[in-house]
$ cat structure-v3.tsv   # TSV, C-alpha atoms
chain	number	residue	atom	x	y	z
M	935	MET	CA	-196.43	-8.44	-58.36
M	936	HIS	CA	-194.94	-8.48	-54.85
M	937	SER	CA	-192.51	-5.68	-53.98
M	938	PHE	CA	-189.20	-6.19	-52.21
M	939	LYS	CA	-188.18	-2.58	-52.94
M	940	ASN	CA	-188.55	-1.31	-49.36
M	941	ASP	CA	-190.05	-1.93	-45.93
M	942	TYR	CA	-192.72	0.76	-46.00
M	943	SER	CA	-194.91	-0.35	-48.92
M	944	GLU	CA	-197.58	-1.65	-46.56
M	945	GLY	CA	-199.69	0.53	-44.31
M	946	ALA	CA	-199.48	-0.20	-40.59
M	947	HIS	CA	-199.72	-3.12	-38.20
M	948	PRO	CA	-203.34	-3.96	-37.27
M	949	ASP	CA	-202.72	-3.18	-33.59
M	950	ILE	CA	-201.75	0.36	-34.52
M	951	LEU	CA	-204.73	0.81	-36.83
M	952	ASP	CA	-207.04	-0.53	-34.11
M	953	ALA	CA	-205.58	1.89	-31.57
M	954	LEU	CA	-205.97	4.84	-33.94
M	955	LEU	CA	-209.60	3.91	-34.57
M	956	ARG	CA	-210.34	3.19	-30.91
M	957	ASN	CA	-209.12	6.62	-29.87
M	958	ASN	CA	-210.39	8.50	-32.88
M	959	ASN	CA	-213.27	10.38	-31.22
M	960	ARG	CA	-211.51	11.21	-27.98
M	961	GLN	CA	-210.39	14.79	-27.61
M	962	GLU	CA	-206.71	15.33	-26.85
M	963	GLU	CA	-204.28	18.20	-26.51
M	964	GLY	CA	-202.40	19.15	-29.67
M	965	TYR	CA	-198.76	19.51	-30.66
M	966	GLY	CA	-197.41	16.47	-28.87
M	967	LEU	CA	-198.96	17.28	-25.50
M	968	ASP	CA	-201.63	14.57	-25.75
M	969	GLN	CA	-201.71	11.70	-23.29
M	970	HIS	CA	-200.66	9.11	-25.90
M	971	THR	CA	-197.50	11.02	-26.80
M	972	LEU	CA	-196.72	11.49	-23.11
M	973	ASN	CA	-197.18	7.75	-22.55
M	974	ALA	CA	-195.06	6.88	-25.58
M	975	THR	CA	-192.20	9.16	-24.56
M	976	SER	CA	-192.37	7.74	-21.03
M	977	LEU	CA	-192.04	4.19	-22.42
M	978	ILE	CA	-189.02	5.22	-24.48
M	979	LYS	CA	-187.41	6.93	-21.49
M	980	LYS	CA	-187.78	3.70	-19.52
M	981	LEU	CA	-186.19	1.68	-22.33
M	982	VAL	CA	-183.17	3.99	-22.52
M	983	GLY	CA	-182.92	4.10	-18.73
M	984	ASP	CA	-183.09	7.87	-18.24
M	985	SER	CA	-186.12	9.88	-17.17
M	986	ASP	CA	-184.27	13.05	-18.24
M	987	ALA	CA	-183.95	11.96	-21.88
M	988	ALA	CA	-185.51	14.39	-24.35
M	989	VAL	CA	-187.90	12.55	-26.71
M	990	HIS	CA	-189.61	14.22	-29.67
M	991	LEU	CA	-191.90	12.49	-32.17
M	992	ILE	CA	-191.42	13.65	-35.77
M	993	SER	CA	-193.18	12.48	-38.91
M	994	GLY	CA	-190.24	11.30	-41.08
M	995	GLY	CA	-186.58	10.38	-41.14
M	996	THR	CA	-185.29	13.10	-43.44
M	997	GLN	CA	-187.15	15.73	-41.43
M	998	THR	CA	-185.72	14.31	-38.21
M	999	ASN	CA	-182.17	14.35	-39.57
M	1000	LEU	CA	-182.32	17.91	-40.85
M	1001	ILE	CA	-183.97	19.21	-37.67
M	1002	ALA	CA	-181.52	17.44	-35.36
M	1003	ILE	CA	-178.31	18.07	-37.27
M	1004	GLY	CA	-179.32	21.64	-38.12
M	1005	ALA	CA	-180.03	22.28	-34.44
M	1006	PHE	CA	-176.86	20.69	-33.11
M	1007	LEU	CA	-174.38	22.51	-35.36
M	1008	ARG	CA	-173.25	26.14	-35.45
M	1009	PRO	CA	-173.10	27.80	-38.90
M	1010	HIS	CA	-169.40	27.02	-39.52
M	1011	GLU	CA	-169.61	23.38	-38.41
M	1012	ALA	CA	-169.83	20.27	-40.59
M	1013	CYS	CA	-170.95	16.66	-40.43
M	1014	ILE	CA	-168.83	13.58	-41.17
M	1015	THR	CA	-170.51	10.60	-42.88
M	1016	VAL	CA	-169.65	7.71	-45.17
M	1017	LYS	CA	-170.37	8.32	-48.85
M	1018	THR	CA	-173.22	5.80	-48.76
M	1019	GLY	CA	-174.83	7.51	-45.74
M	1020	HIS	CA	-178.51	8.30	-46.17
M	1021	ILE	CA	-177.98	12.02	-45.62
M	1022	ALA	CA	-175.36	12.00	-48.40
M	1023	THR	CA	-177.29	10.00	-50.99
M	1024	HIS	CA	-181.05	10.02	-50.49
M	1025	GLU	CA	-182.13	13.22	-48.74
M	1026	THR	CA	-181.93	15.73	-51.62
M	1027	GLY	CA	-179.29	17.84	-49.94
M	1028	ALA	CA	-181.47	18.41	-46.88
M	1029	ILE	CA	-178.51	18.80	-44.53
M	1030	GLU	CA	-176.67	21.11	-46.92
M	1031	ALA	CA	-179.86	23.14	-47.19
M	1032	THR	CA	-179.60	23.87	-43.47
M	1033	GLY	CA	-176.20	25.45	-44.21
M	1034	HIS	CA	-173.93	22.62	-43.11
M	1035	LYS	CA	-171.35	20.88	-45.27
M	1036	LEU	CA	-171.14	17.08	-45.41
M	1037	LEU	CA	-167.62	15.68	-45.25
M	1038	THR	CA	-167.86	12.22	-46.83
M	1039	VAL	CA	-165.42	9.32	-46.61
M	1040	ASP	CA	-165.33	5.80	-48.03
M	1041	GLY	CA	-166.88	3.37	-45.58
M	1042	VAL	CA	-165.90	-0.16	-44.65
M	1043	ASP	CA	-168.88	-2.32	-45.60
M	1044	GLY	CA	-170.95	0.85	-45.38
M	1045	LYS	CA	-169.68	1.68	-41.90
M	1046	LEU	CA	-167.62	4.45	-40.33
M	1047	THR	CA	-164.58	3.88	-38.08
M	1048	PRO	CA	-162.31	6.16	-36.02
M	1049	GLN	CA	-159.53	5.48	-38.53
M	1050	LEU	CA	-161.69	6.95	-41.30
M	1051	ILE	CA	-162.58	10.02	-39.24
M	1052	ALA	CA	-159.03	10.90	-38.20
M	1053	PRO	CA	-157.78	12.19	-41.61
M	1054	VAL	CA	-160.80	14.49	-41.86
M	1055	LEU	CA	-159.90	16.13	-38.55
M	1056	THR	CA	-156.28	16.46	-39.64
M	1057	GLU	CA	-157.25	18.12	-42.93
M	1058	HIS	CA	-159.84	20.50	-41.46
M	1059	HIS	CA	-157.61	22.04	-38.86
M	1060	PHE	CA	-158.10	25.83	-39.05
M	1061	GLU	CA	-160.63	28.59	-39.58
M	1062	HIS	CA	-160.30	28.68	-43.38
M	1063	MET	CA	-162.18	25.39	-43.56
M	1064	VAL	CA	-165.40	24.13	-42.04
M	1065	LYS	CA	-165.00	22.62	-38.60
M	1066	PRO	CA	-165.90	18.91	-38.28
M	1067	ARG	CA	-168.26	18.72	-35.32
M	1068	LEU	CA	-170.75	15.88	-35.76
M	1069	VAL	CA	-170.34	12.25	-36.76
M	1070	TYR	CA	-173.33	10.67	-38.49
M	1071	ILE	CA	-173.95	6.95	-38.90
M	1072	SER	CA	-177.01	4.84	-39.50
M	1073	ASN	CA	-177.48	1.50	-37.80
M	1074	PRO	CA	-178.03	-0.63	-39.83
M	1075	SER	CA	-175.99	0.97	-42.59
M	1076	GLU	CA	-177.37	1.55	-46.07
M	1077	LEU	CA	-175.84	-1.81	-46.98
M	1078	GLY	CA	-177.70	-3.65	-44.24
M	1079	THR	CA	-174.58	-4.16	-42.13
M	1080	ILE	CA	-174.71	-3.48	-38.42
M	1081	TYR	CA	-172.54	-1.86	-35.79
M	1082	THR	CA	-171.81	-4.05	-32.80
M	1083	LYS	CA	-171.72	-2.67	-29.29
M	1084	ASP	CA	-167.91	-2.74	-29.40
M	1085	GLU	CA	-167.83	-0.81	-32.69
M	1086	LEU	CA	-170.23	1.82	-31.38
M	1087	SER	CA	-168.19	2.09	-28.18
M	1088	LEU	CA	-165.03	2.79	-30.16
M	1089	LEU	CA	-166.79	5.49	-32.18
M	1090	SER	CA	-168.35	6.98	-29.07
M	1091	ASP	CA	-165.02	7.14	-27.22
M	1092	TYR	CA	-163.30	8.68	-30.23
M	1093	CYS	CA	-165.99	11.33	-30.61
M	1094	ARG	CA	-165.84	12.30	-26.95
M	1095	LYS	CA	-162.05	12.54	-27.00
M	1096	ASN	CA	-162.18	14.75	-30.09
M	1097	ASP	CA	-165.09	17.00	-29.09
M	1098	LEU	CA	-167.43	15.57	-31.73
M	1099	PHE	CA	-171.16	14.96	-31.40
M	1100	PHE	CA	-172.16	11.37	-32.18
M	1101	TYR	CA	-175.53	11.04	-33.92
M	1102	ILE	CA	-177.22	7.80	-35.03
M	1103	ASP	CA	-179.89	7.54	-37.72
M	1104	GLY	CA	-182.15	4.73	-36.52
M	1105	ALA	CA	-184.66	4.47	-39.34
M	1106	ARG	CA	-184.17	0.69	-39.16
M	1107	LEU	CA	-182.66	0.57	-35.67
M	1108	GLY	CA	-184.94	-2.29	-34.62
M	1109	SER	CA	-183.36	-4.53	-37.26
M	1110	ALA	CA	-179.93	-3.92	-35.73
M	1111	LEU	CA	-181.07	-4.36	-32.13
M	1112	VAL	CA	-182.62	-7.79	-32.72
M	1113	CYS	CA	-179.45	-9.16	-34.37
M	1114	GLN	CA	-177.69	-11.29	-31.77
M	1115	GLU	CA	-174.26	-10.32	-33.05
M	1116	SER	CA	-174.90	-6.65	-32.31
M	1117	ALA	CA	-175.19	-7.28	-28.53
M	1118	LEU	CA	-177.00	-3.95	-28.32
M	1119	THR	CA	-179.94	-2.61	-26.35
M	1120	LEU	CA	-181.70	0.74	-26.63
M	1121	GLU	CA	-180.07	1.66	-23.35
M	1122	ASP	CA	-176.65	0.97	-24.89
M	1123	VAL	CA	-177.40	3.11	-27.92
M	1124	TYR	CA	-178.57	5.94	-25.68
M	1125	SER	CA	-175.49	5.81	-23.47
M	1126	LEU	CA	-173.10	5.81	-26.44
M	1127	ALA	CA	-174.70	8.46	-28.67
M	1128	ASP	CA	-175.36	12.13	-28.02
M	1129	ALA	CA	-178.63	11.72	-29.92
M	1130	PHE	CA	-180.34	9.17	-32.14
M	1131	PHE	CA	-183.75	8.37	-33.49
M	1132	ILE	CA	-185.95	5.31	-33.42
M	1133	GLY	CA	-187.67	4.67	-36.72
M	1134	GLY	CA	-191.34	3.76	-36.81
M	1135	THR	CA	-192.12	4.29	-40.51
M	1136	LYS	CA	-190.15	1.22	-41.58
M	1137	ILE	CA	-191.24	-1.02	-38.70
M	1138	GLY	CA	-195.00	-1.17	-38.62
M	1139	ALA	CA	-196.11	2.44	-38.14
M	1140	LEU	CA	-197.98	4.53	-40.67
M	1141	LEU	CA	-195.35	7.21	-40.15
M	1142	GLY	CA	-193.15	8.57	-37.42
M	1143	GLU	CA	-189.70	8.65	-35.85
M	1144	ALA	CA	-188.73	9.26	-32.24
M	1145	LEU	CA	-185.77	11.61	-31.76
M	1146	VAL	CA	-183.99	10.85	-28.48
M	1147	VAL	CA	-181.41	13.28	-27.09
M	1148	ARG	CA	-179.06	12.44	-24.20
M	1149	ASN	CA	-176.53	15.28	-24.31
M	1150	PRO	CA	-177.94	18.18	-22.23
M	1151	ALA	CA	-176.15	20.69	-24.48
M	1152	LEU	CA	-178.30	19.59	-27.44
M	1153	LYS	CA	-181.72	19.63	-25.79
M	1154	SER	CA	-182.56	23.32	-25.58
M	1155	ASP	CA	-185.18	24.90	-27.83
M	1156	LEU	CA	-185.82	21.74	-29.85
M	1157	ARG	CA	-189.59	22.27	-29.74
M	1158	TYR	CA	-189.06	25.76	-31.19
M	1159	LEU	CA	-186.97	24.32	-34.01
M	1160	ILE	CA	-189.35	21.45	-34.65
M	1161	LYS	CA	-192.19	23.95	-34.96
M	1162	GLN	CA	-190.14	26.20	-37.24
M	1163	ARG	CA	-189.48	23.28	-39.58
M	1164	GLY	CA	-193.17	22.43	-39.79
M	1165	ALA	CA	-192.82	19.21	-37.82
M	1166	LEU	CA	-194.81	20.01	-34.68
M	1167	LEU	CA	-198.06	18.36	-35.69
M	1168	ALA	CA	-201.34	19.78	-34.41
M	1169	LYS	CA	-202.63	16.21	-34.32
M	1170	GLY	CA	-199.56	14.88	-32.58
M	1171	ARG	CA	-201.68	12.08	-31.15
M	1172	ILE	CA	-201.31	10.30	-34.50
M	1173	LEU	CA	-197.63	9.79	-33.74
M	1174	GLY	CA	-198.14	9.24	-30.02
M	1175	ILE	CA	-200.67	6.45	-30.44
M	1176	GLN	CA	-198.40	4.61	-32.84
M	1177	PHE	CA	-195.30	4.68	-30.65
M	1178	GLU	CA	-197.41	3.85	-27.61
M	1179	GLU	CA	-198.49	0.66	-29.40
M	1180	LEU	CA	-195.03	-0.16	-30.75
M	1181	PHE	CA	-193.49	-0.12	-27.28
M	1182	ARG	CA	-196.42	-1.37	-25.23
M	1183	ASP	CA	-195.66	-5.11	-25.49
M	1184	ASN	CA	-192.43	-5.35	-27.50
M	1185	LEU	CA	-194.32	-5.07	-30.80
M	1186	TYR	CA	-191.47	-2.96	-32.23
M	1187	PHE	CA	-188.88	-5.64	-31.57
M	1188	ASN	CA	-191.13	-8.50	-32.70
M	1189	LEU	CA	-191.82	-6.82	-36.04
M	1190	ALA	CA	-188.14	-6.08	-36.58
M	1191	LYS	CA	-187.26	-9.71	-35.86
M	1192	HIS	CA	-189.88	-10.93	-38.33
M	1193	ALA	CA	-188.47	-8.71	-41.08
M	1194	ASN	CA	-184.95	-9.95	-40.39
M	1195	ASP	CA	-186.06	-13.59	-40.24
M	1196	MET	CA	-187.74	-13.38	-43.64
M	1197	ALA	CA	-184.62	-11.87	-45.21
M	1198	GLN	CA	-182.30	-14.40	-43.62
M	1199	TYR	CA	-184.53	-17.25	-44.79
M	1200	MET	CA	-184.04	-15.91	-48.30
M	1201	VAL	CA	-180.28	-15.73	-47.76
M	1202	ALA	CA	-180.14	-19.38	-46.68
M	1203	GLU	CA	-182.32	-20.63	-49.53
M	1204	LEU	CA	-180.61	-18.56	-52.23
M	1205	THR	CA	-177.18	-19.59	-50.95
M	1206	ASP	CA	-178.17	-23.26	-51.14
M	1207	SER	CA	-179.10	-22.61	-54.77
M	1208	GLY	CA	-175.65	-21.25	-55.58
M	1209	CYS	CA	-176.38	-17.53	-55.27
M	1210	THR	CA	-173.65	-15.23	-53.93
M	1211	PHE	CA	-174.02	-11.87	-52.20
M	1212	LEU	CA	-172.47	-8.43	-52.55
M	1213	ILE	CA	-172.11	-8.11	-48.78
M	1214	ASN	CA	-172.89	-10.08	-45.65
M	1215	SER	CA	-175.99	-8.44	-44.18
M	1216	PRO	CA	-177.74	-9.94	-41.13
M	1217	THR	CA	-180.70	-7.55	-41.35
M	1218	ASN	CA	-183.77	-7.17	-43.55
M	1219	GLN	CA	-181.80	-5.73	-46.48
M	1220	ILE	CA	-179.91	-8.28	-48.59
M	1221	PHE	CA	-177.94	-7.90	-51.82
M	1222	PRO	CA	-177.87	-11.07	-53.98
M	1223	VAL	CA	-175.61	-11.15	-57.04
M	1224	MET	CA	-177.34	-12.64	-60.09
M	1225	GLU	CA	-176.94	-12.91	-63.83
M	1226	ASN	CA	-178.59	-10.04	-65.65
M	1227	THR	CA	-180.76	-12.44	-67.64
M	1228	VAL	CA	-182.08	-13.94	-64.40
M	1229	ILE	CA	-182.70	-10.47	-62.97
M	1230	ASP	CA	-184.66	-9.48	-66.08
M	1231	GLU	CA	-186.99	-12.45	-65.72
M	1232	LEU	CA	-187.45	-12.05	-61.97
M	1233	SER	CA	-188.34	-8.40	-62.50
M	1234	GLN	CA	-191.39	-9.55	-64.47
M	1235	GLN	CA	-192.74	-11.13	-61.28
M	1236	PHE	CA	-191.30	-9.03	-58.43
M	1237	ASP	CA	-190.36	-5.42	-57.74
M	1238	PHE	CA	-186.83	-4.72	-56.47
M	1239	TYR	CA	-183.93	-2.36	-57.09
M	1240	ILE	CA	-180.84	-3.18	-59.13
M	1241	TRP	CA	-178.20	-1.94	-56.72
M	1242	ALA	CA	-174.84	-2.25	-58.48
M	1243	LYS	CA	-173.29	-3.53	-61.67
M	1244	ILE	CA	-170.75	-6.27	-60.94
M	1245	ASP	CA	-169.58	-6.94	-64.51
M	1246	GLU	CA	-171.04	-7.18	-68.00
M	1247	ASN	CA	-173.13	-10.21	-67.10
M	1248	ASN	CA	-173.93	-9.86	-63.40
M	1249	SER	CA	-175.46	-7.30	-61.05
M	1250	ALA	CA	-176.36	-7.03	-57.38
M	1251	ILE	CA	-179.99	-6.40	-56.51
M	1252	ARG	CA	-181.43	-5.21	-53.22
M	1253	LEU	CA	-184.23	-7.17	-51.58
M	1254	VAL	CA	-185.93	-5.69	-48.51
M	1255	THR	CA	-188.38	-7.59	-46.32
M	1256	SER	CA	-190.79	-5.90	-43.93
M	1257	TRP	CA	-192.83	-6.49	-40.81
M	1258	ALA	CA	-195.63	-7.69	-43.12
M	1259	THR	CA	-193.64	-9.89	-45.53
M	1260	GLY	CA	-195.15	-13.37	-45.57
M	1261	GLN	CA	-193.45	-16.75	-45.87
M	1262	LYS	CA	-195.44	-17.33	-49.06
M	1263	GLU	CA	-193.97	-14.28	-50.81
M	1264	VAL	CA	-190.45	-15.21	-49.76
M	1265	GLU	CA	-190.80	-18.79	-50.95
M	1266	SER	CA	-192.32	-17.59	-54.21
M	1267	PHE	CA	-189.23	-15.47	-54.92
M	1268	VAL	CA	-186.84	-18.29	-54.00
M	1269	ASP	CA	-188.71	-20.77	-56.22
M	1270	ALA	CA	-188.72	-18.30	-59.11
M	1271	TYR	CA	-184.97	-17.80	-58.73
M	1272	LYS	CA	-184.31	-21.53	-58.69
M	1273	THR	CA	-186.38	-22.08	-61.81
M	1274	THR	CA	-184.96	-19.12	-63.70
M	1275	SER	CA	-181.33	-19.78	-62.79
M	1276	VAL	CA	-181.60	-23.39	-64.02
M	1277	ILE	CA	-183.05	-22.25	-67.34
M	1278	HIS	CA	-180.17	-19.81	-67.85
M	1279	ALA	CA	-177.46	-22.09	-66.55

$ encode --input "structure-v3.tsv" --output "structure tokens"
Amino acid sequence: MHSFKNDYSEGAHPDILDALLRNNNRQEEGYGLDQHTLNATSLIKKLVGDSDAAVHLISGGTQTNLIAIGAFLRPHEACITVKTGHIATHETGAIEATGHKLLTVDGVDGKLTPQLIAPVLTEHHFEHMVKPRLVYISNPSELGTIYTKDELSLLSDYCRKNDLFFYIDGARLGSALVCQESALTLEDVYSLADAFFIGGTKIGALLGEALVVRNPALKSDLRYLIKQRGALLAKGRILGIQFEELFRDNLYFNLAKHANDMAQYMVAELTDSGCTFLINSPTNQIFPVMENTVIDELSQQFDFYIWAKIDENNSAIRLVTSWATGQKEVESFVDAYKTTSVIHA
């Protein structure tokens, strides 16, 4: 039974496994001071166009978010996010556990806009309420939609004018960057955000995220805080080797494009078969709307999540393709849908 539940069910790209094995017996410094981590952070600094960027490799996305947001905010400050934001729905209250309130708003196709932020600032206007200080988005959003360069520029300008930090969760950032309509580069993301992270876990690595900080005011003591949160790995080389491989020859971008291409192939084929979608997503997360009877039969052959109930007879499911998803698996799902939908027509 093939799984379309997420993009981290597989292990790691062979190039990464080969590199880990090839360097296995070489002695290196610990705690992120090994040569591989230094090389990886240097590659990332070149891609963002700033040798002064602070780059820290951390094992997972939730840990990265809680370390970064917890470090950037003072005790009375809060974070603004859409209700579907990962920190609001799938991180077990990790941000709240650092002592910071989440101020959630309804998103537009899963995305945040200056118009949605403004009422929050108006409401939280004095010292009897938490002070909004940081704006959190993920790109892509939890609905697979992306922020274009223009949209990010508007958010960035608004945050700077209103003394707000702008932070981007990039667990699937590669999927957004390789979408033509985004018109984004890593250098653009870096220039527009105060801090963001580049996800490796969901794009070919065994584990790992790269936190990148531009704003000088947010850089100090991060290694202390990473250590305090248990994220400064003694064998930091494990993360360094992986990011070194991901950014050596554009492997990161190639794997992200493959994941997107597989999902968009499914979109085209399912659309031709009469399937509709909950939302227009150009990335590797898609949300087909199907009859419940069809979903029940497909679930006997494939793993996926039922995302939302549409009505008594129809639901939206989430299908996620990965760097390792093959054409055969995609075609198998499409064929199964065609057959099942005809039977239940």

$ residues_around --input "structure-v3.tsv" --residues "M:Trp1241" --least-positions-apart "5" --cutoff "12 Å" --atoms "all atoms listed in the file" --output "list in words"
Lys939, Glu1076, Leu1077, Phe1211, Leu1212, Ile1213, Gln1219, Ile1220, Phe1221, Pro1222, Val1223, Met1224, Ile1229, Asn1248, Ser1249, Ala1250, Ile1251, Arg1252, Leu1253 and Val1254 of chain M

$ closest_residue --input "structure-v3.tsv" --among "M:Asp1206, M:Glu944, M:Asp952, M:Glu1121" --to "M:Gly1138" --atoms "all atoms listed in the file"
M:Glu944

$ atom_distance --input "structure-v3.tsv" --atom1 "atom CA of M:Gly964" --atom2 "atom CA of M:Ile1175"
12.8 Å

$ closest_atom_pairs --input "structure-v3.tsv" --of "stretch 1103-1128 of chain M" --to "stretch 983-1003 of chain M" --cutoff "10 Å" --atoms "all atoms listed in the file" --output "JSON lines"
{"residue": "M:Asp1103", "atom": "CA", "partner": "M:Asn999", "partner_atom": "CA", "distance": 7.4}
{"residue": "M:Gly1104", "atom": "CA", "partner": "M:Gly995", "partner_atom": "CA", "distance": 8.5}
{"residue": "M:Ala1105", "atom": "CA", "partner": "M:Gly995", "partner_atom": "CA", "distance": 6.5}
{"residue": "M:Leu1120", "atom": "CA", "partner": "M:Gly983", "partner_atom": "CA", "distance": 8.7}
{"residue": "M:Glu1121", "atom": "CA", "partner": "M:Gly983", "partner_atom": "CA", "distance": 6.0}
{"residue": "M:Asp1122", "atom": "CA", "partner": "M:Gly983", "partner_atom": "CA", "distance": 9.3}
{"residue": "M:Tyr1124", "atom": "CA", "partner": "M:Gly983", "partner_atom": "CA", "distance": 8.4}
{"residue": "M:Ser1125", "atom": "CA", "partner": "M:Gly983", "partner_atom": "CA", "distance": 9.0}

$ residues_around --input "structure-v3.tsv" --residues "M:Gln1198" --least-positions-apart "3" --cutoff "8 Å" --atoms "only C-alpha atoms" --output "PyMOL selection string"
chain M and resi 1194-1195+1201-1202+1216-1218
